[in-house]
Structure formats: C-alpha cells, structure tokens
Amino acid sequence: MDFSFPKEYRLRKRREFRKVYEEGQKIYSQYFTIHVLKNQLGHPRLGITVTRKIGKSVVRNRWKRIIREAFRLNKHKLPPWDIVVTVKRGYKPPKLQEVEKDFVEAIAKLRIISTD
RNA sequence: CCAGCAGGUCGGGCGGUCGCCGGCGGUUUAUCCGUCGGAGGAAAGUCCGGGCCCCACAGGGCAGGGUGCUGGGUAACACCCAGGUCCCGUGAGGGACGGAAAGUGCCACAGAGAACAGACCGCCGGGCCUCUUGAGAUUGCCCGGUAAGGGUGAAACGGUGGGGUAAGAGCCCACCGCUUCCCCUGGUGACAGGGGAAGGCACGGUAAACCCCACCCGGGGCAAGGCCAAAUAGGGAGGCGUUCCCGCCUUUGGCGGGAUAAGGGUGGCCCGCCCGAUGCCUCCGGGUAGGCCGCUGGAGGCGCCGGGUAACCGGCGUCCCAGAUGAAUGACCGCCGCCCCGUAAAGAGCGGGGAACAGAACCCGGCUUACAGACCGGCUGGCUCC
RNA sequence: GGUCCCGUCGUCUAGCCCGGUUAGGACACCGGCCUCUCAAGUCGGCGGCAGGGGUUCAAAUCCCCUCGGGACCA
C-alpha cells in the first residue's frame with residue numbers, strides 16, 4: 001500500500017487555502033477546525049494551519065508533523081478533497097493515535113453529510 | 001572525607017520498517033532507481049559588532065547616539081586576554097572603574113542647622129528678678145562665647161594624646177591620616193617605590209541629572225538587491241483601414257438598416273460562408289501573477305609545528321559539514337546504557353515508569369536568557385591517617 | 001525572517017520628559033445613610049505601578065535583562 005506524501009498531495013498557495021475556506025464545508029472536531037472542498041485531481045490534498053497563538057516553533061512543528069502523519073497513513077481511505085486542518089487553541093500536541101482517530105472520524109462525518 | 005572557588009566538555013547509542021528535503025549519478029523527458037548528506041549549545045531574545053547588497057556622499061562642522069582605569073587581541077564590538085587602584089572574603093577568588101578643584105541644577109522627611117553651615121538641649125561668662133545680713137546659691141528671663149558631648153538624618157567639616165582656656169575649638173604642639181605641588185627610580189602605560197616642599201585641613205553626594213573631556217558612528221536591510229516573464233488594462237513607435245447607399249429626426253450632427261475595406265473566425269490551404277466602420281496587426285519599454293539567482297566553501301572545522309604569560313596570530317596537512325519557502329530533518333518497533341519505584345538482607349533477576357531547554361531561514365564574532373542529567377581535570381579551607 | 005511601539009486598582013486612565021506626601025480620578029464592587037422597596041443621591045471602604053536586577057539617601061519615574069500584548073514590511 002502506498003503511504004507516500006509528495007508535493008502534489010499538499011496545498012501550497014495562499015489562494016488554494018482561500019478557495020477552500022470560501023467555497024468549502026466546515027466541521028469542528030476535538031482538536032481541529034476542518035475545511036473541505038471537492039477537487040478535480042482524483043486524489044486528496046492536505047493543508048495545515050497552525051498559528052503563532054498555538055505555541056512556539058517546537059510546538060507548532062510537532063502539530064504539523066503529527067497531522068501530516070495522520071493524513072499520510074490514511075490517505076488511501078480519503079475522498080478526492082482539498083482538506084485544510086486548522087489547530088484549535090488550548091491543547092498540547094497529543095499522541096499520533098489520538099490525532100488520527102479525531103481526523104478520520106471528522107472526515108467520515110463530512111462524507112456522510114455530503115452524500116445526502 | 002567534608003565544605004567551597006573558578007573553568008571546560010557532552011546533551012543517550014545501535015539496528016529495522018514506513019515517509020519527507022537536498023546534492024550527485026543513471027534513466028526517461030518527466031517518472032522511477034541507486035548513493036551520500038540532513039538542527040543547536042543555545043538554532044532563542046534581537047541587545048551589540050561586522051561581512052554582503054542597495055541608496056546617499058569633495059572635505060569639514062553642527063545636531064543625535066554610543067563607549068569610558070591601562071596595555072594588548074580582533075574585520076569590528078558594549079566582547080575577550082593580561083595588568084592597575086579601591087572594596088569584600090580566613091582563602092581559592094569575586095565586584096567596582098574618566099571628570100564633582102570648569103559651570104548649572106537637585107538633596108524630600110526629620111533636624112537648631114544641609115553646602116562661603118548651624119546654638120535646640122548642654123557647657124561657660126555677664127546682667128536683671130527672687131531668696132539671704134552677707135559671701136553666695138537657685139529658678140526664670142535677657143545678652144554674649146563655645147562645635148568637646150546629646151539628639152535628627154542617607155549625609156553634620158579628620159583621629160589619638162598633650163598644652164591651652166571662663167568653657168571650648170588645629171587655637172597651638174607631637175604622632176597618624178589628608179590635600180596640592182616638585183624631583184628621582186622602575187614600568188609602553190594605568191600606576192608603584194623613595195625623597196622633599198607647602199597647607200592646619202580649605203574641596204559632602206549626585207554625571208544610569210544637564211554637562212565637560214577623549215575616542216567611535218552616513219541611512220537601510222536578503223521581505224536587501226538582481227534576472228526572466230504570462231493574462232488583462234494602459235503608454236510609445238510603425239503599418240493598413242477610416243468608403244458608399246437608404247430611411248427617420250430641428251442643425252455641416254445623431255439614430256437605425258444594408259453593402260463593402262483593413263482585419264478576424266471557420267479550415268491543412270484556396271474558393272466559399274460568417275463577423276466587421278467598432279478599429280486591426282507588428283514591435284518596444286515599464287510591470288503584476290509566477291519562476292530563477294542571491295543560497296551556502298566560510299574572518300570554516302580538525303590535527304601537527306612555530307610565536308606569544310594569555311586572548312590570539314602564522315605556516316603546513318586534511319575534511320566538505322542542512323539549504324527549505326503553507327516552509328524537510330518525522331512516525332512506529334526491538335535491543336542496550338542511565339535514573340526512579342516495587343519485590344530481595346545488599347545485589348542479581350523480574351515488573352512498571354521517566355529522561356531537560358529547545359527547531360536553522362543570508363552568513364559570521366560576541367553578549368544575555370532557558371536547560372533533566374552526566375563527565376573532566378585545577379585550586380582553596382577544615383578534619384583525619386601514613 | 002526583519003523593523004518598531006506599549007504594559008499603572010476588576011475596566012478606562014492621570015502622574016513618567018525634569019526621581020521626593022498615604023500613586024490621584026471616573027465607572028464597577030462592598031457597607032452605612034436616605035426610601036415602603038429599588039434606582040438616583042450622599043458618606044466611608046476594598047483594590048494597582050507586568051516580573052527581576054542595578055544607579056541613588058530615595059525609583060511608577062533613570063539604566064539593563066526577562067515576560068506578556070500589539071502594529072508595520074512580500
């Protein structure tokens with residue numbers, strides 16, 4: 001199974017993020033605010049937002065790495081959407097399994113809503 | 001062995017699986033494969049100093065800012081090294097550092113008096129009143145002397161002894177201290193040592209108050225700066241075209257319709273068909289999105305030798321050691337090492353748990369701040385043993 | 001990444017340049033008076049210099065470090 005994470009699977013420009021914010025759907029999970037928009041690429045793409053309010057650079061990097069790992073290990077199950085994950089304030093970075101669970105459940109919920 | 005003082009080093013190790021970023025090689029022209037490398041001592045705070053780049057600039061001055069014992073190191077510094085004086089410590093050591101005798105300002109409260117000082121209490125002399133026969137004594141008041149004592153304060157005009165006096169005081173003397181000046185010796189110098197003269201002592205603090213003196217500093221920052229460059233709008237140059245007919249309305253004008261021109265669309269091309277009086281085409285320069293360079297080989301690391309007390313410098317050899325840009329350096333597992341807890345008489349073993357501060361963004365030299373723990377020598381004081 | 005500014009009661013502020021009473025005021029809060037009660041009014045109280053170090057006899061004020069908040073630059 002392919003667990004790689006090349007650049008085509010990432011959101012890299014400010015206007016790509018803006019498009020998801022303005023045209024996509026939104027859901028709140030325990031740790032994140034997740035914006036989602038269907039794309040035409042046939043695979044999902046991930047964008048992560050961790051503001052300076054979350055913590056210093058060590059903490060911000062930790063969040064990004066864990067989120068990226070959660071996406072990477074589950075990307076074969078994900079629909080072809082652009083997904084932007086914004087970290088909420090007030091949490092310490094938890095274990096990978098917790099983030100994975102939180103992220104996958106939130107996406108599953110959105111999937112049900114969008115198929116209705 | 002116990003206290004302590006300065007200083008240096010490290011910041012878990014090995015292996016596997018899944019990923020990420022970059023270099024090189026191959027392969028295809030856009031994907032794979034191979035291989036190598038991939039956070040720190042502070043990468044942090046951005047507090048100083050430089051390199052680099054752009055702008056400005058003849059030279060000098062003013063304003064503004066910084067530094068401040070001496071000598072040295074350095075690209076430079078507010079850093080580092082060595083030294084000096086004073087203060088603290090039994091000591092190893094630690095801390096402070098131009099000028100208050102150029103001028104100005106300020107020194108609250110308390111206190112009698114606070115900056116060419118000052119009589120509240122006290123001490124001493126004199127006068128008046130009171131008591132007394134009187135000498136005289138005492139209380140009160142007044143005048144004067146006095147800085148030795150008390151008290152206030154952060155700070156009150158040198159100390160000890162003697163003389164002196166009504167009581168006192170550098171008022172005078174001796175010794176100690178202090179200030180200023182001169183000479184000699186040592187040192188590059190701060191300064192030190194020695195000798196002499198003058199002065200009874202006159203000059204309290206504050207310059208992280210204004211200021212004076214000496215020296216230094218142009219401004220901005222890689223989001224600097226440079227290159228390539230769509231689409232759209234606009235600018236410049238050149239070329240082609242800017243014609244005819246009909247109807248209506250109040251004007252050499254406007255509106256509507258038709259034909260054709262430059263040109264465009266369709267199409268491999270010609271004819272044809274369609275659009276078309278609106279302009280159209282080509283080139284140039286600026287420039288946005290976007291991309292590229294700057295971008296990591298450097299005041300570089302390590303070793304040896306030489307110079308220097310040292311900071312550091314020189315020579316030779318050797319190594320290449322992150323370069324991202326919504327921003328890589330991660331996740332999981334196993335074994336070993338370290339620490340803690342339980343079990344055991346200690347240990348072994350077994351089981352469970354823990355491991356700091358922190359993440360490069362143009363690059364260096366410093367400073368400051370954060371930091372679980374581990375290690376290395378050096379020195380001081382005390383106790384004990386040989 | 002870089003450049004710069006600001007932190008005073010619970011909130012908004014004065015004082016800071018040029019150091020010196022118990023750091024002043026408004027709103028809020030608490031208690032009393034007034035009122036049948038509440039509000040208003042009135043009297044009193046509670047409560048603060050972001051933290052640490054230094055200079056000074058003395059620091060909210062001057063100097064340094066740390067922490068927190070904010071603005072600007074593609």
# chains A, B, ... in the order shown; residues from 1 in each chain; ligands from 1
call {"tool": "interface_residues", "arguments": {"of": "chain B", "to": "chain A", "cutoff": "12 Å", "atoms": "only C-alpha atoms (C1' of nucleotides)", "output": "list in words"}}
result
C18, G19, C20, C21, A39, A43, A44, A289, G290, U325, G326, A327, A328, U329, G330, A331, C332, C357, A358, G359 and A360 of chain B
call {"tool": "residues_around", "arguments": {"residues": "G15 (chain C)", "least_positions_apart": "6", "cutoff": "12 Å", "atoms": "only C-alpha atoms (C1' of nucleotides)", "output": "list in words"}}
result
U8, A23, G24, G25, C49, A60 and U61 of chain C
call {"tool": "write_last_selection", "arguments": {"atoms": "all heavy atoms", "output": "compact mmCIF listing (two decimals), in the first residue's frame"}}
result
# COMPACT_ATOMS: atom_id res chain seq x y z
P U C 8 -1.31 48.69 32.30
OP1 U C 8 -2.14 47.59 32.84
OP2 U C 8 -1.90 49.71 31.40
O5' U C 8 -0.63 49.45 33.51
C5' U C 8 -0.07 48.72 34.59
C4' U C 8 -0.17 49.49 35.88
O4' U C 8 0.32 50.84 35.68
C3' U C 8 -1.59 49.71 36.39
O3' U C 8 -2.04 48.58 37.12
C2' U C 8 -1.43 50.94 37.28
O2' U C 8 -0.89 50.59 38.53
C1' U C 8 -0.40 51.75 36.49
N1 U C 8 -1.00 52.79 35.63
C2 U C 8 -1.39 53.97 36.24
O2 U C 8 -1.27 54.18 37.43
N3 U C 8 -1.95 54.89 35.40
C4 U C 8 -2.13 54.77 34.05
O4 U C 8 -2.64 55.70 33.45
C5 U C 8 -1.71 53.52 33.50
C6 U C 8 -1.17 52.60 34.29
P A C 23 0.85 55.71 48.24
OP1 A C 23 0.55 54.28 48.07
OP2 A C 23 2.23 56.18 48.10
O5' A C 23 -0.08 56.52 47.23
C5' A C 23 0.20 57.89 46.91
C4' A C 23 -0.08 58.15 45.45
O4' A C 23 0.90 57.44 44.64
C3' A C 23 -1.44 57.60 44.94
O3' A C 23 -2.48 58.53 45.19
C2' A C 23 -1.17 57.41 43.45
O2' A C 23 -1.24 58.63 42.75
C1' A C 23 0.29 56.94 43.46
N9 A C 23 0.41 55.47 43.49
C8 A C 23 0.84 54.69 44.52
N7 A C 23 0.84 53.42 44.24
C5 A C 23 0.38 53.35 42.94
C6 A C 23 0.15 52.29 42.06
N6 A C 23 0.37 51.02 42.38
N1 A C 23 -0.31 52.57 40.84
C2 A C 23 -0.54 53.84 40.51
N3 A C 23 -0.36 54.94 41.24
C4 A C 23 0.11 54.61 42.45
P G C 24 -3.76 58.07 46.03
OP1 G C 24 -3.50 58.42 47.44
OP2 G C 24 -4.13 56.68 45.67
O5' G C 24 -4.89 59.05 45.49
C5' G C 24 -4.73 60.46 45.61
C4' G C 24 -5.18 61.17 44.37
O4' G C 24 -4.25 60.93 43.28
C3' G C 24 -6.52 60.71 43.79
O3' G C 24 -7.64 61.23 44.50
C2' G C 24 -6.42 61.20 42.36
O2' G C 24 -6.63 62.59 42.28
C1' G C 24 -4.95 60.89 42.05
N9 G C 24 -4.82 59.54 41.46
C8 G C 24 -4.30 58.41 42.06
N7 G C 24 -4.34 57.37 41.27
C5 G C 24 -4.91 57.83 40.10
C6 G C 24 -5.20 57.16 38.88
O6 G C 24 -5.01 55.98 38.60
N1 G C 24 -5.78 58.01 37.96
C2 G C 24 -6.03 59.34 38.17
N2 G C 24 -6.60 59.99 37.15
N3 G C 24 -5.77 59.99 39.29
C4 G C 24 -5.21 59.17 40.20
P G C 25 -9.01 60.34 44.59
OP1 G C 25 -9.94 61.03 45.53
OP2 G C 25 -8.64 58.92 44.82
O5' G C 25 -9.62 60.47 43.12
C5' G C 25 -10.01 61.75 42.63
C4' G C 25 -10.40 61.67 41.17
O4' G C 25 -9.29 61.15 40.39
C3' G C 25 -11.55 60.74 40.83
O3' G C 25 -12.81 61.32 41.14
C2' G C 25 -11.33 60.52 39.33
O2' G C 25 -11.78 61.62 38.58
C1' G C 25 -9.80 60.46 39.26
N9 G C 25 -9.30 59.07 39.27
C8 G C 25 -8.65 58.44 40.30
N7 G C 25 -8.31 57.20 40.02
C5 G C 25 -8.77 57.02 38.72
C6 G C 25 -8.69 55.89 37.86
O6 G C 25 -8.20 54.79 38.10
N1 G C 25 -9.28 56.13 36.63
C2 G C 25 -9.85 57.30 36.26
N2 G C 25 -10.38 57.34 35.02
N3 G C 25 -9.93 58.38 37.04
C4 G C 25 -9.37 58.16 38.24
P C C 49 1.24 46.26 42.26
OP1 C C 49 1.92 45.08 41.73
OP2 C C 49 1.18 46.49 43.71
O5' C C 49 1.83 47.57 41.59
C5' C C 49 2.87 47.48 40.61
C4' C C 49 2.49 48.32 39.41
O4' C C 49 2.09 49.62 39.88
C3' C C 49 3.60 48.56 38.40
O3' C C 49 3.02 48.62 37.11
C2' C C 49 4.14 49.92 38.81
O2' C C 49 4.74 50.61 37.75
C1' C C 49 2.86 50.62 39.24
N1 C C 49 3.05 51.73 40.17
C2 C C 49 2.73 53.02 39.73
O2 C C 49 2.29 53.17 38.61
N3 C C 49 2.89 54.05 40.59
C4 C C 49 3.34 53.85 41.82
N4 C C 49 3.47 54.89 42.62
C5 C C 49 3.70 52.54 42.28
C6 C C 49 3.54 51.52 41.43
P A C 60 8.68 53.14 43.06
OP1 A C 60 8.31 54.34 43.85
OP2 A C 60 8.80 51.84 43.74
O5' A C 60 7.61 53.00 41.88
C5' A C 60 7.68 51.89 40.98
C4' A C 60 7.10 52.26 39.64
O4' A C 60 5.91 53.05 39.84
C3' A C 60 8.00 53.13 38.77
O3' A C 60 8.87 52.34 37.99
C2' A C 60 7.00 53.90 37.91
O2' A C 60 6.60 53.13 36.79
C1' A C 60 5.81 54.06 38.86
N9 A C 60 5.76 55.36 39.52
C8 A C 60 5.88 55.61 40.86
N7 A C 60 5.78 56.88 41.17
C5 A C 60 5.59 57.50 39.95
C6 A C 60 5.41 58.84 39.59
N6 A C 60 5.39 59.85 40.47
N1 A C 60 5.24 59.12 38.29
C2 A C 60 5.26 58.13 37.41
N3 A C 60 5.41 56.82 37.62
C4 A C 60 5.57 56.57 38.93
P U C 61 10.41 52.82 37.75
OP1 U C 61 10.96 51.94 36.71
OP2 U C 61 11.07 52.94 39.06
O5' U C 61 10.26 54.28 37.14
C5' U C 61 9.77 54.47 35.81
C4' U C 61 9.62 55.94 35.50
O4' U C 61 8.87 56.58 36.58
C3' U C 61 10.93 56.70 35.36
O3' U C 61 10.87 57.59 34.26
C2' U C 61 11.04 57.48 36.67
O2' U C 61 11.71 58.70 36.56
C1' U C 61 9.57 57.72 37.03
N1 U C 61 9.35 57.87 38.48
C2 U C 61 8.99 59.12 38.97
O2 U C 61 8.84 60.08 38.26
N3 U C 61 8.83 59.17 40.32
C4 U C 61 8.97 58.15 41.23
O4 U C 61 8.78 58.37 42.41
C5 U C 61 9.35 56.90 40.65
C6 U C 61 9.53 56.80 39.32
call {"tool": "residues_around", "arguments": {"residues": "region 163-174 of chain B", "least_positions_apart": "2", "cutoff": "7 Å", "atoms": "only C-alpha atoms (C1' of nucleotides)", "output": "JSON, numbers by chain"}}
result
{"B": [123, 124, 125, 146, 148, 200]}
call {"tool": "residues_around", "arguments": {"residues": "U56 (chain C)", "least_positions_apart": "5", "cutoff": "10 Å", "atoms": "only C-alpha atoms (C1' of nucleotides)", "output": "count of residues only"}}
result
6
call {"tool": "closest_residue", "arguments": {"among": "A:Lys53, A:Val84, A:Trp63, A:Leu46", "to": "chain C", "atoms": "only C-alpha atoms (C1' of nucleotides)"}}
result
A:Lys53
call {"tool": "residues_around", "arguments": {"residues": "G2 (chain C)", "least_positions_apart": "5", "cutoff": "9 Å", "atoms": "only C-alpha atoms (C1' of nucleotides)", "output": "MDAnalysis selection string"}}
result
(chainID B and resid 221 223) or (chainID C and resid 73)
call {"tool": "select_by_dssp", "arguments": {"residues": "region 25-113 of chain A", "states": "strand (DSSP E)", "output": "VMD selection string"}}
result
chain A and resid 25 to 28 32 to 38 45 to 49 81 to 87
call {"tool": "select_by_dssp", "arguments": {"residues": "region 9-106 of chain A", "states": "alpha helix (DSSP H)", "output": "PyMOL selection string"}}
result
chain A and resi 14-23+57-74+96-106
call {"tool": "write_last_selection", "arguments": {"atoms": "N, CA, C and O atoms", "output": "compact mmCIF listing (two decimals), in the first residue's frame"}}
result
# COMPACT_ATOMS: atom_id res chain seq x y z
N ARG A 14 -1.48 30.42 -1.01
CA ARG A 14 -2.48 31.12 -0.23
C ARG A 14 -3.85 31.07 -0.90
O ARG A 14 -4.86 30.88 -0.23
N ARG A 15 -3.90 31.22 -2.27
CA ARG A 15 -5.22 31.22 -2.89
C ARG A 15 -5.87 29.85 -2.84
O ARG A 15 -7.09 29.74 -2.79
N GLU A 16 -5.08 28.77 -2.80
CA GLU A 16 -5.67 27.44 -2.65
C GLU A 16 -6.35 27.31 -1.29
O GLU A 16 -7.45 26.76 -1.18
N PHE A 17 -5.71 27.81 -0.25
CA PHE A 17 -6.32 27.80 1.08
C PHE A 17 -7.59 28.64 1.09
O PHE A 17 -8.63 28.22 1.60
N ARG A 18 -7.52 29.86 0.48
CA ARG A 18 -8.68 30.77 0.47
C ARG A 18 -9.87 30.14 -0.23
O ARG A 18 -11.00 30.29 0.21
N LYS A 19 -9.60 29.43 -1.32
CA LYS A 19 -10.67 28.79 -2.08
C LYS A 19 -11.41 27.78 -1.20
O LYS A 19 -12.64 27.73 -1.20
N VAL A 20 -10.64 27.02 -0.42
CA VAL A 20 -11.26 26.03 0.46
C VAL A 20 -12.08 26.70 1.55
O VAL A 20 -13.19 26.29 1.87
N TYR A 21 -11.52 27.78 2.13
CA TYR A 21 -12.24 28.50 3.19
C TYR A 21 -13.56 29.06 2.67
O TYR A 21 -14.59 28.97 3.33
N GLU A 22 -13.52 29.65 1.45
CA GLU A 22 -14.65 30.41 0.96
C GLU A 22 -15.71 29.54 0.30
O GLU A 22 -16.89 29.86 0.33
N GLU A 23 -15.32 28.42 -0.33
CA GLU A 23 -16.28 27.63 -1.11
C GLU A 23 -16.57 26.28 -0.49
O GLU A 23 -17.48 25.59 -0.93
N SER A 57 7.81 27.52 18.15
CA SER A 57 8.01 26.79 16.91
C SER A 57 8.12 25.28 17.15
O SER A 57 7.70 24.51 16.30
N VAL A 58 8.67 24.87 18.28
CA VAL A 58 8.75 23.43 18.55
C VAL A 58 7.37 22.83 18.60
O VAL A 58 7.11 21.77 18.02
N VAL A 59 6.44 23.51 19.28
CA VAL A 59 5.07 23.01 19.42
C VAL A 59 4.35 23.03 18.08
O VAL A 59 3.68 22.06 17.70
N ARG A 60 4.53 24.13 17.33
CA ARG A 60 3.85 24.23 16.03
C ARG A 60 4.35 23.14 15.07
O ARG A 60 3.55 22.51 14.38
N ASN A 61 5.63 22.89 15.03
CA ASN A 61 6.19 21.85 14.18
C ASN A 61 5.68 20.47 14.57
O ASN A 61 5.38 19.63 13.73
N ARG A 62 5.55 20.26 15.87
CA ARG A 62 5.06 18.98 16.39
C ARG A 62 3.65 18.71 15.86
O ARG A 62 3.37 17.63 15.35
N TRP A 63 2.76 19.71 15.97
CA TRP A 63 1.40 19.58 15.45
C TRP A 63 1.41 19.23 13.97
O TRP A 63 0.72 18.32 13.52
N LYS A 64 2.19 19.95 13.19
CA LYS A 64 2.21 19.75 11.74
C LYS A 64 2.67 18.35 11.38
O LYS A 64 2.11 17.71 10.49
N ARG A 65 3.67 17.85 12.10
CA ARG A 65 4.21 16.53 11.78
C ARG A 65 3.20 15.44 12.13
O ARG A 65 3.04 14.48 11.37
N ILE A 66 2.54 15.60 13.25
CA ILE A 66 1.56 14.59 13.65
C ILE A 66 0.38 14.58 12.67
O ILE A 66 -0.07 13.51 12.24
N ILE A 67 -0.10 15.75 12.28
CA ILE A 67 -1.23 15.84 11.37
C ILE A 67 -0.87 15.26 10.01
O ILE A 67 -1.62 14.52 9.40
N ARG A 68 0.35 15.59 9.56
CA ARG A 68 0.80 15.08 8.28
C ARG A 68 0.86 13.55 8.31
O ARG A 68 0.49 12.87 7.36
N GLU A 69 1.33 13.01 9.41
CA GLU A 69 1.44 11.57 9.56
C GLU A 69 0.05 10.93 9.55
O GLU A 69 -0.15 9.90 8.90
N ALA A 70 -0.90 11.55 10.21
CA ALA A 70 -2.27 11.03 10.24
C ALA A 70 -2.85 11.00 8.83
O ALA A 70 -3.52 10.04 8.43
N PHE A 71 -2.59 12.04 8.06
CA PHE A 71 -3.07 12.11 6.67
C PHE A 71 -2.40 11.04 5.82
O PHE A 71 -3.04 10.31 5.07
N ARG A 72 -1.08 10.94 5.97
CA ARG A 72 -0.29 10.03 5.14
C ARG A 72 -0.73 8.57 5.32
O ARG A 72 -0.87 7.85 4.34
N LEU A 73 -0.97 8.18 6.57
CA LEU A 73 -1.28 6.78 6.85
C LEU A 73 -2.72 6.44 6.48
O LEU A 73 -3.09 5.27 6.43
N ASN A 74 -3.56 7.46 6.20
CA ASN A 74 -4.97 7.20 5.90
C ASN A 74 -5.40 7.73 4.55
O ASN A 74 -6.58 7.71 4.24
N LEU A 96 -0.02 10.41 18.38
CA LEU A 96 -0.42 10.24 16.98
C LEU A 96 -1.77 9.53 16.85
O LEU A 96 -2.62 9.95 16.08
N GLN A 97 -1.98 8.46 17.61
CA GLN A 97 -3.22 7.68 17.50
C GLN A 97 -4.44 8.54 17.77
O GLN A 97 -5.47 8.40 17.12
N GLU A 98 -4.35 9.43 18.76
CA GLU A 98 -5.48 10.29 19.10
C GLU A 98 -5.81 11.22 17.95
O GLU A 98 -6.98 11.43 17.62
N VAL A 99 -4.76 11.83 17.35
CA VAL A 99 -4.96 12.75 16.25
C VAL A 99 -5.55 12.01 15.06
O VAL A 99 -6.48 12.49 14.41
N GLU A 100 -5.04 10.81 14.78
CA GLU A 100 -5.51 10.00 13.67
C GLU A 100 -7.01 9.72 13.81
O GLU A 100 -7.78 9.90 12.88
N LYS A 101 -7.41 9.31 15.00
CA LYS A 101 -8.81 8.99 15.30
C LYS A 101 -9.69 10.22 15.10
O LYS A 101 -10.71 10.17 14.42
N ASP A 102 -9.26 11.34 15.68
CA ASP A 102 -10.01 12.58 15.61
C ASP A 102 -10.20 13.02 14.16
O ASP A 102 -11.29 13.37 13.73
N PHE A 103 -9.12 12.94 13.38
CA PHE A 103 -9.11 13.40 11.99
C PHE A 103 -10.01 12.50 11.13
O PHE A 103 -10.88 12.98 10.41
N VAL A 104 -9.83 11.19 11.22
CA VAL A 104 -10.56 10.24 10.38
C VAL A 104 -12.06 10.31 10.68
O VAL A 104 -12.89 10.29 9.77
N GLU A 105 -12.42 10.40 11.95
CA GLU A 105 -13.83 10.47 12.33
C GLU A 105 -14.49 11.72 11.78
O GLU A 105 -15.63 11.68 11.30
N ALA A 106 -13.76 12.85 11.83
CA ALA A 106 -14.31 14.11 11.33
C ALA A 106 -14.56 14.03 9.83
O ALA A 106 -15.61 14.45 9.34
